[in-house]
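Novice: So here's model34.tsv (TSV, C-alpha atoms).
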chain	number	residue	atom	x	y	z
A	1	MET	CA	-6.53	19.43	5.93
A	2	ASN	CA	-3.97	22.08	6.92
A	3	ASN	CA	-1.96	23.86	4.25
A	4	LEU	CA	1.37	22.50	5.52
A	5	GLY	CA	0.20	18.90	5.11
A	6	GLU	CA	-1.23	19.61	1.65
A	7	GLU	CA	2.00	21.26	0.57
A	8	PHE	CA	4.04	18.31	1.84
A	9	GLN	CA	1.87	15.88	-0.15
A	10	ARG	CA	2.30	17.98	-3.30
A	11	ASN	CA	6.07	17.97	-2.81
A	12	LEU	CA	6.16	14.17	-2.52
A	13	ILE	CA	4.10	13.76	-5.69
A	14	GLN	CA	6.35	16.21	-7.52
A	15	VAL	CA	9.50	14.33	-6.48
A	16	ALA	CA	7.94	11.05	-7.65
A	17	TYR	CA	6.99	12.63	-10.99
A	18	SER	CA	10.53	13.94	-11.40
A	19	GLU	CA	12.07	10.52	-10.75
A	20	ASP	CA	9.53	8.89	-13.06
A	21	SER	CA	10.41	11.22	-15.91
A	22	LYS	CA	14.04	10.05	-15.79
A	23	LEU	CA	12.99	6.44	-16.37
A	24	TYR	CA	9.82	6.87	-18.43
A	25	PRO	CA	9.79	10.10	-20.46
A	26	ARG	CA	6.11	10.97	-20.74
A	27	LYS	CA	4.27	14.16	-21.53
A	28	HIS	CA	1.63	15.55	-19.20
A	29	PRO	CA	-0.13	18.22	-21.28
A	30	PRO	CA	-2.47	20.69	-19.56
A	31	ARG	CA	-6.12	19.63	-19.73
A	32	SER	CA	-8.90	21.91	-21.00
A	33	LYS	CA	-12.23	22.38	-19.21
A	34	CYS	CA	-13.91	20.40	-21.98
A	35	PHE	CA	-11.53	17.50	-21.38
A	36	LYS	CA	-12.28	17.59	-17.62
A	37	ILE	CA	-16.02	17.55	-18.29
A	38	PHE	CA	-15.58	14.40	-20.38
A	39	GLN	CA	-13.51	12.95	-17.55
A	40	ILE	CA	-16.39	13.53	-15.14
A	41	PHE	CA	-18.73	11.75	-17.55
A	42	PHE	CA	-16.44	8.70	-17.54
A	43	ASN	CA	-16.07	8.95	-13.74
A	44	LEU	CA	-19.87	8.70	-13.46
A	45	LEU	CA	-20.06	5.91	-16.02
A	46	GLY	CA	-17.44	3.92	-14.11
A	47	ALA	CA	-19.23	4.56	-10.81
A	48	LEU	CA	-22.47	3.19	-12.27
A	49	LEU	CA	-20.65	0.10	-13.51
A	50	GLY	CA	-19.16	-0.33	-10.05
A	51	TYR	CA	-22.58	-0.13	-8.42
A	52	PHE	CA	-24.28	-2.55	-10.81
A	53	PHE	CA	-21.48	-5.11	-11.23
A	54	VAL	CA	-19.60	-4.97	-7.91
A	55	ARG	CA	-21.46	-3.24	-5.09
A	56	PHE	CA	-25.06	-4.42	-5.54
A	57	PRO	CA	-24.73	-8.01	-6.91
A	58	SER	CA	-23.99	-11.13	-4.88
A	59	ALA	CA	-20.43	-11.83	-3.76
A	60	LYS	CA	-19.95	-14.42	-6.49
A	61	CYS	CA	-21.05	-12.06	-9.29
A	62	ALA	CA	-19.09	-9.12	-7.85
A	63	ASN	CA	-15.91	-11.17	-7.60
A	64	ARG	CA	-16.36	-12.46	-11.16
A	65	SER	CA	-16.64	-8.85	-12.31
A	66	THR	CA	-13.40	-7.94	-10.55
A	67	ILE	CA	-11.57	-10.85	-12.20
A	68	PHE	CA	-12.99	-9.80	-15.58
A	69	ILE	CA	-11.63	-6.27	-15.08
A	70	SER	CA	-8.23	-7.63	-14.08
A	71	ARG	CA	-7.92	-9.28	-17.50
A	72	TYR	CA	-7.37	-5.83	-19.03
A	73	SER	CA	-3.80	-5.85	-17.77
A	74	SER	CA	-3.20	-9.61	-17.49
A	75	LYS	CA	-3.65	-10.03	-21.26
A	76	ASP	CA	-5.37	-13.37	-20.57
A	77	LYS	CA	-2.05	-15.01	-19.77
A	78	LYS	CA	-2.53	-18.38	-18.10
A	79	LEU	CA	-2.04	-18.39	-14.35
A	80	ILE	CA	0.39	-21.15	-13.38
A	81	LEU	CA	0.37	-22.19	-9.73
A	82	GLY	CA	3.13	-24.48	-8.47
A	83	ALA	CA	3.13	-27.03	-5.66
A	84	GLU	CA	4.57	-24.56	-3.15
A	85	ASN	CA	1.74	-22.14	-3.87
A	86	GLN	CA	-0.84	-24.84	-3.23
A	87	LYS	CA	0.88	-25.85	0.00
A	88	ASN	CA	0.80	-22.31	1.35
A	89	PHE	CA	-2.82	-21.88	0.28
A	90	ASN	CA	-3.78	-25.07	2.14
A	91	ASN	CA	-1.90	-23.77	5.20
A	92	ALA	CA	-3.95	-20.55	5.10
A	93	LEU	CA	-7.21	-22.53	4.82
A	94	ARG	CA	-6.19	-24.78	7.70
A	95	LEU	CA	-5.31	-21.77	9.87
A	96	ILE	CA	-8.75	-20.25	9.33
A	97	GLN	CA	-10.70	-23.47	9.84
A	98	SER	CA	-8.79	-24.62	12.93
A	99	TYR	CA	-8.94	-21.22	14.66
A	100	GLU	CA	-12.63	-20.71	13.95
A	101	LYS	CA	-13.37	-24.23	15.20
A	102	GLU	CA	-11.34	-23.88	18.41
A	103	VAL	CA	-12.19	-20.28	19.33
A	104	GLY	CA	-15.48	-19.74	17.54
A	105	LYS	CA	-14.41	-16.42	15.98
A	106	LYS	CA	-14.48	-15.51	12.31
A	107	CYS	CA	-11.14	-14.33	10.90
A	108	SER	CA	-10.49	-11.24	8.82
A	109	LEU	CA	-8.40	-11.75	5.69
A	110	LEU	CA	-5.75	-9.30	4.50
A	111	ILE	CA	-4.01	-10.15	1.23
A	112	LEU	CA	-0.76	-8.22	0.74
A	113	THR	CA	0.81	-8.12	-2.72
A	114	SER	CA	3.95	-6.83	-4.32
A	115	HIS	CA	3.53	-4.30	-7.14
A	116	PRO	CA	5.03	-5.03	-10.59
A	117	GLU	CA	6.09	-2.10	-12.73
A	118	THR	CA	3.20	-0.58	-14.65
A	119	ILE	CA	5.23	-0.18	-17.84
A	120	GLY	CA	7.16	-2.90	-19.64
A	121	GLN	CA	7.18	-6.66	-19.60
A	122	GLN	CA	5.82	-6.99	-16.05
A	123	PHE	CA	2.62	-5.05	-16.73
A	124	TYR	CA	0.50	-8.18	-17.22
A	125	LEU	CA	1.43	-9.38	-13.71
A	126	LEU	CA	-0.75	-6.64	-12.18
A	127	GLY	CA	-3.91	-8.31	-13.42
A	128	GLN	CA	-2.66	-11.76	-12.51
A	129	LEU	CA	-1.94	-10.74	-8.93
A	130	ILE	CA	-5.45	-9.32	-8.55
A	131	ALA	CA	-7.08	-12.36	-10.17
A	132	TYR	CA	-5.11	-14.69	-7.94
A	133	ALA	CA	-6.04	-12.62	-4.86
A	134	VAL	CA	-9.76	-12.73	-5.77
A	135	LYS	CA	-9.70	-16.49	-6.26
A	136	SER	CA	-7.85	-16.98	-2.97
A	137	SER	CA	-10.37	-14.84	-1.09
A	138	GLU	CA	-13.27	-16.80	-2.60
A	139	PHE	CA	-11.92	-20.08	-1.23
A	140	LEU	CA	-10.82	-18.70	2.13
A	141	CYS	CA	-13.84	-16.44	2.71
A	142	PRO	CA	-16.76	-17.87	0.70
A	143	ASP	CA	-19.76	-15.59	0.19
A	144	LYS	CA	-17.68	-12.49	0.98
A	145	LYS	CA	-17.03	-9.67	-1.48
A	146	PHE	CA	-13.39	-9.06	-2.33
A	147	LYS	CA	-12.23	-5.47	-1.74
A	148	LEU	CA	-9.23	-3.92	-3.49
A	149	VAL	CA	-7.35	-0.86	-2.25
A	150	GLN	CA	-6.48	1.18	-5.34
A	151	ALA	CA	-5.16	4.72	-5.86
A	152	ILE	CA	-7.41	6.62	-8.30
A	153	ASP	CA	-5.36	9.77	-8.95
A	154	SER	CA	-3.66	10.60	-12.25
A	155	PHE	CA	-0.26	9.56	-10.91
A	156	ALA	CA	-1.52	6.02	-10.28
A	157	LEU	CA	-3.47	5.69	-13.53
A	158	ASP	CA	-1.23	7.55	-15.98
A	159	SER	CA	-0.37	4.35	-17.87
A	160	LEU	CA	-4.05	4.12	-18.95
A	161	HIS	CA	-5.86	6.22	-21.52
A	162	PRO	CA	-7.24	9.23	-19.57
A	163	PHE	CA	-10.87	8.31	-20.16
A	164	ILE	CA	-10.33	4.63	-19.33
A	165	GLY	CA	-8.52	5.77	-16.20
A	166	ALA	CA	-11.44	8.06	-15.30
A	167	ALA	CA	-13.94	5.20	-15.69
A	168	TYR	CA	-11.71	2.89	-13.66
A	169	ALA	CA	-11.44	5.51	-10.88
A	170	GLY	CA	-15.23	5.74	-10.76
A	171	LEU	CA	-15.62	1.97	-10.66
A	172	ILE	CA	-13.10	1.56	-7.83
A	173	SER	CA	-14.72	4.35	-5.82
A	174	SER	CA	-18.17	2.72	-5.95
A	175	GLY	CA	-17.15	-0.94	-5.76
A	176	HIS	CA	-13.87	-1.17	-3.87
A	177	CYS	CA	-11.63	0.98	-1.63
A	178	ALA	CA	-10.35	4.06	-3.46
A	179	VAL	CA	-7.50	6.37	-2.42
A	180	ASP	CA	-7.07	9.83	-3.94
A	181	ARG	CA	-3.53	11.10	-3.36
A	182	LYS	CA	-4.04	14.23	-5.49
A	183	PRO	CA	-7.37	15.71	-4.38
A	184	TYR	CA	-6.13	19.23	-5.17
A	185	GLU	CA	-6.08	18.56	-8.95
A	186	LYS	CA	-9.76	17.61	-9.19
A	187	PHE	CA	-12.39	19.64	-11.03
A	188	PHE	CA	-15.15	20.90	-8.67
A	189	LEU	CA	-17.60	18.09	-9.48
A	190	GLN	CA	-14.84	15.51	-9.11
A	191	LYS	CA	-14.01	16.93	-5.69
A	192	PHE	CA	-17.62	16.25	-4.70
A	193	LEU	CA	-17.55	12.71	-6.14
A	194	PHE	CA	-14.26	11.68	-4.57
A	195	LYS	CA	-14.23	13.75	-1.37
A	196	ARG	CA	-14.49	10.78	0.97
A	197	PHE	CA	-11.54	9.03	-0.71
A	198	HIS	CA	-8.99	11.67	0.38
A	199	TYR	CA	-5.69	9.94	1.15
A	200	THR	CA	-5.91	10.91	4.83
A	201	GLN	CA	-9.08	8.79	5.13
A	202	ALA	CA	-7.65	5.63	3.53
A	203	ILE	CA	-6.59	3.92	6.76
A	204	PHE	CA	-10.08	4.36	8.24
A	205	HIS	CA	-11.69	2.70	5.21
A	206	ILE	CA	-9.20	-0.17	5.46
A	207	LEU	CA	-9.91	-0.71	9.16
A	208	LYS	CA	-13.67	-0.62	8.61
A	209	ILE	CA	-13.49	-3.30	5.90
A	210	LEU	CA	-11.36	-5.59	8.07
A	211	LYS	CA	-13.60	-5.09	11.10
A	212	ASN	CA	-16.55	-6.10	8.91
A	213	LYS	CA	-14.66	-9.35	8.12
A	214	GLU	CA	-14.52	-8.60	4.39
A	215	PRO	CA	-11.42	-9.85	2.50
A	216	LEU	CA	-9.16	-6.94	1.61
A	217	CYS	CA	-6.23	-6.77	-0.83
A	218	LEU	CA	-3.61	-4.06	-1.11
A	219	ALA	CA	-0.14	-3.65	-2.60
A	220	LEU	CA	2.39	-2.81	0.08
A	221	ALA	CA	4.23	-0.32	-2.13
A	222	GLY	CA	4.35	1.29	-5.56
A	223	GLY	CA	5.45	-0.30	-8.80
A	224	VAL	CA	8.75	1.58	-8.99
A	225	ALA	CA	11.35	1.52	-6.21
A	226	HIS	CA	11.75	5.29	-6.00
A	227	ASN	CA	8.01	5.72	-5.39
A	228	SER	CA	8.24	3.41	-2.38
A	229	ARG	CA	11.20	5.38	-1.07
A	230	VAL	CA	9.45	8.74	-1.48
A	231	PHE	CA	5.99	7.81	-0.14
A	232	TYR	CA	6.92	5.31	2.56
A	233	THR	CA	10.59	4.82	3.51
A	234	ILE	CA	11.61	8.49	3.82
A	235	ARG	CA	8.26	9.35	5.41
A	236	GLU	CA	8.71	6.59	8.00
A	237	PHE	CA	12.22	7.80	8.78
A	238	ALA	CA	10.90	11.33	9.33
A	239	HIS	CA	8.19	9.99	11.64
A	240	GLN	CA	10.82	8.23	13.73
A	241	ALA	CA	12.89	11.42	13.86
A	242	TYR	CA	9.95	13.29	15.35
A	243	PHE	CA	9.23	10.50	17.84
A	244	HIS	CA	12.83	10.43	19.11
A	245	SER	CA	13.38	14.22	19.07
A	246	PHE	CA	13.67	15.95	22.45
A	247	PRO	CA	12.56	18.47	23.39
A	248	LYS	CA	9.91	18.66	20.68
A	249	ARG	CA	10.51	22.19	19.46
A	250	LEU	CA	9.54	21.40	15.84
A	251	SER	CA	6.25	20.00	14.62
A	252	LYS	CA	5.99	16.60	12.93
A	253	GLN	CA	5.30	18.23	9.55
A	254	THR	CA	8.28	20.60	9.89
A	255	ILE	CA	10.64	17.72	10.66
A	256	ALA	CA	9.19	15.70	7.78
A	257	GLN	CA	9.65	18.58	5.34
A	258	SER	CA	13.23	19.18	6.51
A	259	ILE	CA	14.24	15.54	6.08
A	260	ASN	CA	12.38	15.36	2.79
A	261	SER	CA	14.30	18.39	1.47
A	262	ILE	CA	17.62	16.71	2.35
A	263	LEU	CA	16.84	13.33	0.80
A	264	THR	CA	14.80	14.29	-2.27
A	265	LYS	CA	16.66	17.29	-3.66
A	266	GLU	CA	18.03	17.29	-7.21
A	267	GLY	CA	20.80	14.72	-7.54
A	268	SER	CA	19.77	12.84	-4.41
A	269	LEU	CA	20.87	9.19	-4.34
A	270	ALA	CA	18.32	8.18	-1.71
A	271	CYS	CA	15.40	8.21	-4.17
A	272	SER	CA	17.10	7.20	-7.40
A	273	LYS	CA	19.65	4.63	-6.16
A	274	GLY	CA	18.46	3.63	-2.71
A	275	MET	CA	21.60	4.81	-1.00
A	276	VAL	CA	22.60	7.85	1.06
A	277	GLY	CA	25.46	9.92	-0.36
A	278	GLU	CA	28.18	11.45	1.81
A	279	GLN	CA	26.80	14.99	1.63
A	280	GLU	CA	23.25	13.80	2.33
A	281	MET	CA	24.50	11.76	5.28
A	282	ASN	CA	26.32	14.72	6.80
A	283	GLU	CA	23.26	16.95	6.44
A	284	LEU	CA	21.04	14.24	7.87
A	285	ILE	CA	23.22	13.64	10.93
A	286	PHE	CA	23.48	17.39	11.58
A	287	PHE	CA	19.69	17.73	11.44
A	288	LEU	CA	19.11	14.75	13.76
A	289	GLN	CA	21.53	16.31	16.24
A	290	THR	CA	19.71	19.63	15.95
A	291	VAL	CA	16.38	18.09	17.00
A	292	GLY	CA	18.02	16.38	19.99
A	293	ILE	CA	18.23	12.71	18.98
A	294	PRO	CA	20.98	10.85	20.93
A	295	ALA	CA	23.92	9.49	18.93
A	296	GLY	CA	23.08	5.83	19.66
A	297	ILE	CA	19.52	6.19	18.39
A	298	GLN	CA	20.76	8.14	15.36
A	299	PHE	CA	23.08	5.28	14.39
A	300	LYS	CA	20.31	2.65	14.69
A	301	MET	CA	17.84	4.82	12.74
A	302	ILE	CA	20.30	5.45	9.90
A	303	GLU	CA	21.37	1.80	9.63
A	304	ASP	CA	17.74	0.65	9.42
A	305	PHE	CA	16.98	3.43	6.94
A	306	LYS	CA	19.82	2.43	4.61
A	307	LYS	CA	18.66	-1.19	4.70
A	308	GLU	CA	15.04	-0.32	3.99
A	309	LEU	CA	16.00	1.93	1.07
A	310	GLN	CA	17.24	-1.15	-0.76
A	311	LEU	CA	13.83	-2.84	-0.66
A	312	LYS	CA	11.25	-2.44	-3.42
A	313	ASN	CA	8.60	-3.25	-0.83
A	314	PRO	CA	9.42	-1.32	2.38
A	315	TRP	CA	8.64	-2.54	5.87
A	316	ARG	CA	5.63	-0.22	6.38
A	317	LEU	CA	5.92	-0.58	10.17
A	318	ARG	CA	3.56	2.32	10.91
A	319	PHE	CA	0.88	0.68	8.78
A	320	PHE	CA	1.28	-2.65	10.58
A	321	ARG	CA	1.33	-0.94	13.98
A	322	ILE	CA	-2.03	0.71	13.24
A	323	LEU	CA	-3.47	-2.62	12.09
A	324	LEU	CA	-2.29	-4.31	15.27
A	325	SER	CA	-3.56	-1.52	17.51
A	326	ARG	CA	-7.02	-1.27	15.95
A	327	ILE	CA	-7.63	-4.86	14.81
A	328	SER	CA	-5.53	-7.30	16.82
A	329	SER	CA	-5.73	-5.38	20.10
A	330	GLY	CA	-9.50	-5.64	19.68
A	331	LYS	CA	-9.16	-9.43	19.60
A	332	ILE	CA	-10.08	-9.75	15.92
A	333	PRO	CA	-8.05	-12.65	14.45
A	334	LEU	CA	-6.34	-11.53	11.24
A	335	ILE	CA	-5.03	-13.84	8.52
A	336	ILE	CA	-2.29	-12.24	6.41
A	337	LEU	CA	-1.64	-13.86	3.04
A	338	PRO	CA	1.33	-12.54	0.99
A	339	ILE	CA	1.26	-12.84	-2.81
A	340	ALA	CA	4.34	-11.65	-4.69
A	341	HIS	CA	5.74	-11.69	-8.20
A	342	SER	CA	9.24	-12.92	-8.93
A	343	SER	CA	11.87	-11.62	-11.34
A	344	LYS	CA	11.02	-14.57	-13.61
A	345	GLY	CA	7.41	-13.42	-13.95
A	346	GLU	CA	5.97	-16.03	-11.60
A	347	ILE	CA	3.20	-15.47	-9.04
A	348	CYS	CA	4.16	-16.79	-5.61
A	349	LEU	CA	1.65	-17.35	-2.83
A	350	ASN	CA	3.96	-17.27	0.17
A	351	GLN	CA	3.81	-18.23	3.85
A	352	PRO	CA	0.53	-17.15	5.52
A	353	PHE	CA	0.18	-16.43	9.22
A	354	LEU	CA	-2.52	-15.65	11.74
A	355	ILE	CA	-2.22	-12.69	14.10
A	356	ILE	CA	-3.91	-13.88	17.28
A	357	SER	CA	-3.30	-10.85	19.52
A	358	TYR	CA	-1.14	-7.81	20.11
A	359	ASN	CA	0.18	-6.44	23.40
A	360	HIS	CA	0.33	-2.69	22.87
A	361	GLU	CA	2.43	-1.96	25.96
A	362	GLY	CA	5.12	-4.54	25.24
A	363	LYS	CA	4.72	-4.24	21.44
A	364	LYS	CA	4.58	-8.03	21.29
A	365	VAL	CA	2.58	-9.79	18.62
A	366	LYS	CA	1.28	-13.35	19.02
A	367	ILE	CA	1.30	-15.27	15.74
A	368	GLN	CA	0.42	-18.71	14.47
A	369	THR	CA	2.36	-19.79	11.39
A	370	GLY	CA	1.04	-21.83	8.49
A	371	GLU	CA	2.65	-24.95	9.99
A	372	GLY	CA	0.79	-24.40	13.26
A	373	LYS	CA	3.66	-23.00	15.36
A	374	ILE	CA	2.78	-20.20	17.80
A	375	LEU	CA	5.30	-17.37	18.16
A	376	GLU	CA	5.43	-14.23	20.27
A	377	GLU	CA	7.95	-11.53	19.43
A	378	ASP	CA	8.48	-7.83	18.89
A	379	TYR	CA	6.17	-6.70	16.10
A	380	SER	CA	8.87	-4.68	14.29
A	381	ILE	CA	11.29	-7.63	14.13
A	382	PHE	CA	8.58	-9.94	12.87
A	383	PHE	CA	7.26	-7.65	10.13
A	384	LYS	CA	10.70	-6.66	8.90
A	385	THR	CA	11.53	-10.32	8.37
A	386	PHE	CA	8.11	-11.03	6.87
A	387	VAL	CA	8.28	-8.23	4.28
A	388	GLU	CA	11.87	-9.00	3.27
A	389	ASN	CA	11.27	-12.74	2.86
A	390	GLU	CA	7.72	-12.92	1.53
A	391	LEU	CA	7.15	-9.77	-0.55
A	392	ASN	CA	10.58	-8.91	-1.99
A	393	ARG	CA	10.95	-11.70	-4.54
A	394	ALA	CA	11.56	-9.66	-7.70
Please express the file's structure as structure tokens.
Specialist:
Amino acid sequence: MNNLGEEFQRNLIQVAYSEDSKLYPRKHPPRSKCFKIFQIFFNLLGALLGYFFVRFPSAKCANRSTIFISRYSSKDKKLILGAENQKNFNNALRLIQSYEKEVGKKCSLLILTSHPETIGQQFYLLGQLIAYAVKSSEFLCPDKKFKLVQAIDSFALDSLHPFIGAAYAGLISSGHCAVDRKPYEKFFLQKFLFKRFHYTQAIFHILKILKNKEPLCLALAGGVAHNSRVFYTIREFAHQAYFHSFPKRLSKQTIAQSINSILTKEGSLACSKGMVGEQEMNELIFFLQTVGIPAGIQFKMIEDFKKELQLKNPWRLRFFRILLSRISSGKIPLIILPIAHSSKGEICLNQPFLIISYNHEGKKVKIQTGEGKILEEDYSIFFKTFVENELNRA
């Protein structure tokens, strides 16, 4: 990876740490070499557990192991499923069975979840969401191993004891789909162990799992709103700025770093409050003009950006576009099942849908809803509505 990209990633992590410290004052003491050696031991221990209890056993045993692990955070609270949840689950099952019967193709299953905060009263919902996702995948895709996308860096696991976090990282890397967003902090042996889980490789692992027709679960965003804004919303806005810039005198990374410096500097409202202050707006408009983006496109970009900043779970349009291009354009039917938590601490299995196909040139996606209706519309309009309605319940 080039130095500019690595530096940009470090800056994003640092901004997220800074915002975290304002809400959750926590100490991050420097770690000795002895401590890191013990961490490696627990990494290896966790990896062995992942191999023996998740990777090698049958799907049933592996999925039971994943549910057992999820109880660490769920605190064994009883999972209550209402009538609406059951209705949506039945709709998902009917979609899979009817499509496979009519077309003769097996469907891939993608379970998308919200992400409760990792500290405080909502912590137990993390385990419940995973347990619910595993049980759903077992009914919808029997005899298939459930795969979970999970970040394994210290930023993701800092609410756990360091050694428990190290073992969990090892287990996820051997049994599920790990993502390391801080590869630069690893000790040399850890770099060897986790090399293939570099954050730039995550999308390829996700696509491979879905192409193999294995059920996959991932949270669409982080547990705290400012993390979603830093890692996804602002990044997406910068990507659009590069796409619309003309002529392209600046690289994508340079534009991303410039926009990031405007919206994440000390005192920025974009990260902390989900709104763009007057000074930030003026700087942003000036920069967009500098890279040659027409006024009409600027206005649309900024209006969408301000709306997305308010969401705990952002639209993630680039992510969905890649899925459509690599999965749906290849004629692989994809069931998407949203599972979200509410502000009342409830788990909601929301409206499922089946992506039948995607027209890359017209950017049109063909969808069958849980009630059996077939729709065809612009992918960005559809997924914006989907994320806002189905995953932003808290």
Novice: Report as a list in words all protein, DNA and RNA residues lying within 7 Å of stretch 203-213 of chain A, evaluated on all atoms listed in the file, omitting residues in the same chain fewer than 3 positions from it.
Specialist: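 Neighbouring residues, sequence-local ones excluded: Cys107, Ser108 and Leu216 of chain A.
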Novice: Taking all atoms listed in the file into account, name the residue in A:Gln298, A:Thr369, A:Thr66, A:Gln86 that is nearest to A:Gln128.
Specialist: A:Thr66
Novice: Please report as CSV every residue of stretch 176-254 of chain A lying within 10 Å of stretch 32-38 of chain A, along with the nearest atom pair and their distance in Å (one decimal), using all atoms listed in the file.
Specialist:
residue,atom,partner,partner_atom,distance
A:Lys186,CA,A:Lys36,CA,8.8
A:Phe187,CA,A:Lys36,CA,6.9
A:Phe188,CA,A:Lys36,CA,10.0
A:Leu189,CA,A:Ile37,CA,9.0
A:Gln190,CA,A:Lys36,CA,9.1
Novice: Identify which of the residues A:Asn313, A:Ser174, A:Ser65, A:Gln368 lies closest to A:Leu112, counting all atoms listed in the file when measuring atom-to-atom distances.
Specialist: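 Among A:Asn313, A:Ser174, A:Ser65, A:Gln368, it is A:Asn313 that comes nearest to A:Leu112.
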Novice: Here is a test: counting all atoms listed in the file, which residue of A:Tyr132, A:Phe320, A:Phe386, A:Phe237 is nearest to A:Asp304?
Specialist: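 Using all atoms listed in the file, A:Asp304 sits closest to A:Phe237.
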Novice: In terms of the shortest atom-to-atom distance over only C-alpha atoms, which of A:Gln14, A:Asn63, A:Thr385, A:Gln9 is closest to A:Lys265?
Specialist: A:Gln14
Novice: Hey, can you check how far atom CA of A:Ala221 sits from atom CA of A:Leu48?
Specialist: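 Separating atom CA of A:Ala221 from atom CA of A:Leu48 is a distance of 28.8 Å.
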Novice: Would you mind listing what lies within 7 Å of stretch 138-155 of chain A as a list in words, with all atoms listed in the file counted and same-chain residues fewer than 2 positions away left out?
Specialist: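 Within the cut-off, the hits are Ala59, Lys60, Ala62, Asn63, Leu93, Val134, Lys135, Ser136, Leu157, Asp158, Ala169, His176, Cys177, Ala178, Val179, Asp180, Arg181, Lys182, Glu214, Pro215, Leu216, Cys217 and Leu218 of chain A.
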Novice: When you count only C-alpha atoms, which of these residues is closest to A:Arg235: A:Tyr184, A:Tyr168, A:Phe8, A:Phe197?
Specialist: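 For A:Arg235, the nearest of the candidates is A:Phe8.
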Novice: With distances taken over all atoms listed in the file, which residue among A:Ala47, A:Ala92, A:Ile327, A:Phe287 lies nearest A:Ser137?
Specialist: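 The closest residue to A:Ser137 is A:Ala92.
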Novice: So how far away is atom CA of A:Ala241 from atom CA of A:Ile293, in Å?
Specialist: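 Distance reported for this atom pair: 7.5 Å.
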Novice: Between atom CA of A:Glu280 and atom CA of A:Gln240, what is the distance in Å, rounded to a tenth?
Specialist: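 Result for atom CA of A:Glu280 versus atom CA of A:Gln240: 17.8 Å, one decimal.
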Novice: Mind dumping stretch 200-211 of chain A from that block, keeping N, CA, C and O atoms, as a compact mmCIF listing (two decimals), in the first residue's frame?
Specialist:
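Saved file out_20.txt follows:
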# COMPACT_ATOMS: atom_id res chain seq x y z
N THR A 200 -7.73 -3.13 3.07
CA THR A 200 -7.91 -2.97 1.62
C THR A 200 -8.36 -4.27 0.95
O THR A 200 -8.83 -4.25 -0.19
N GLN A 201 -8.23 -5.40 1.65
CA GLN A 201 -8.62 -6.70 1.09
C GLN A 201 -10.02 -7.13 1.53
O GLN A 201 -10.52 -8.15 1.05
N ALA A 202 -10.65 -6.37 2.41
CA ALA A 202 -11.92 -6.80 3.01
C ALA A 202 -13.00 -7.04 1.96
O ALA A 202 -13.72 -8.06 2.01
N ILE A 203 -13.13 -6.13 1.00
CA ILE A 203 -14.21 -6.27 0.01
C ILE A 203 -14.03 -7.54 -0.82
O ILE A 203 -15.02 -8.18 -1.20
N PHE A 204 -12.79 -7.94 -1.08
CA PHE A 204 -12.56 -9.15 -1.87
C PHE A 204 -12.97 -10.41 -1.09
O PHE A 204 -13.50 -11.36 -1.67
N HIS A 205 -12.71 -10.41 0.22
CA HIS A 205 -13.15 -11.53 1.06
C HIS A 205 -14.68 -11.61 1.10
O HIS A 205 -15.26 -12.70 1.04
N ILE A 206 -15.32 -10.45 1.20
CA ILE A 206 -16.79 -10.40 1.24
C ILE A 206 -17.37 -10.95 -0.06
O ILE A 206 -18.31 -11.77 -0.05
N LEU A 207 -16.83 -10.52 -1.19
CA LEU A 207 -17.34 -10.97 -2.49
C LEU A 207 -17.13 -12.48 -2.66
O LEU A 207 -18.01 -13.18 -3.18
N LYS A 208 -16.00 -12.98 -2.22
CA LYS A 208 -15.71 -14.41 -2.35
C LYS A 208 -16.71 -15.24 -1.56
O LYS A 208 -17.21 -16.27 -2.04
N ILE A 209 -17.02 -14.81 -0.34
CA ILE A 209 -17.98 -15.54 0.50
C ILE A 209 -19.36 -15.57 -0.16
O ILE A 209 -20.01 -16.62 -0.22
N LEU A 210 -19.80 -14.42 -0.66
CA LEU A 210 -21.11 -14.36 -1.30
C LEU A 210 -21.17 -15.17 -2.59
O LEU A 210 -22.19 -15.81 -2.89
N LYS A 211 -20.09 -15.16 -3.35
CA LYS A 211 -20.06 -15.96 -4.58
C LYS A 211 -20.08 -17.45 -4.28
O LYS A 211 -20.58 -18.25 -5.09
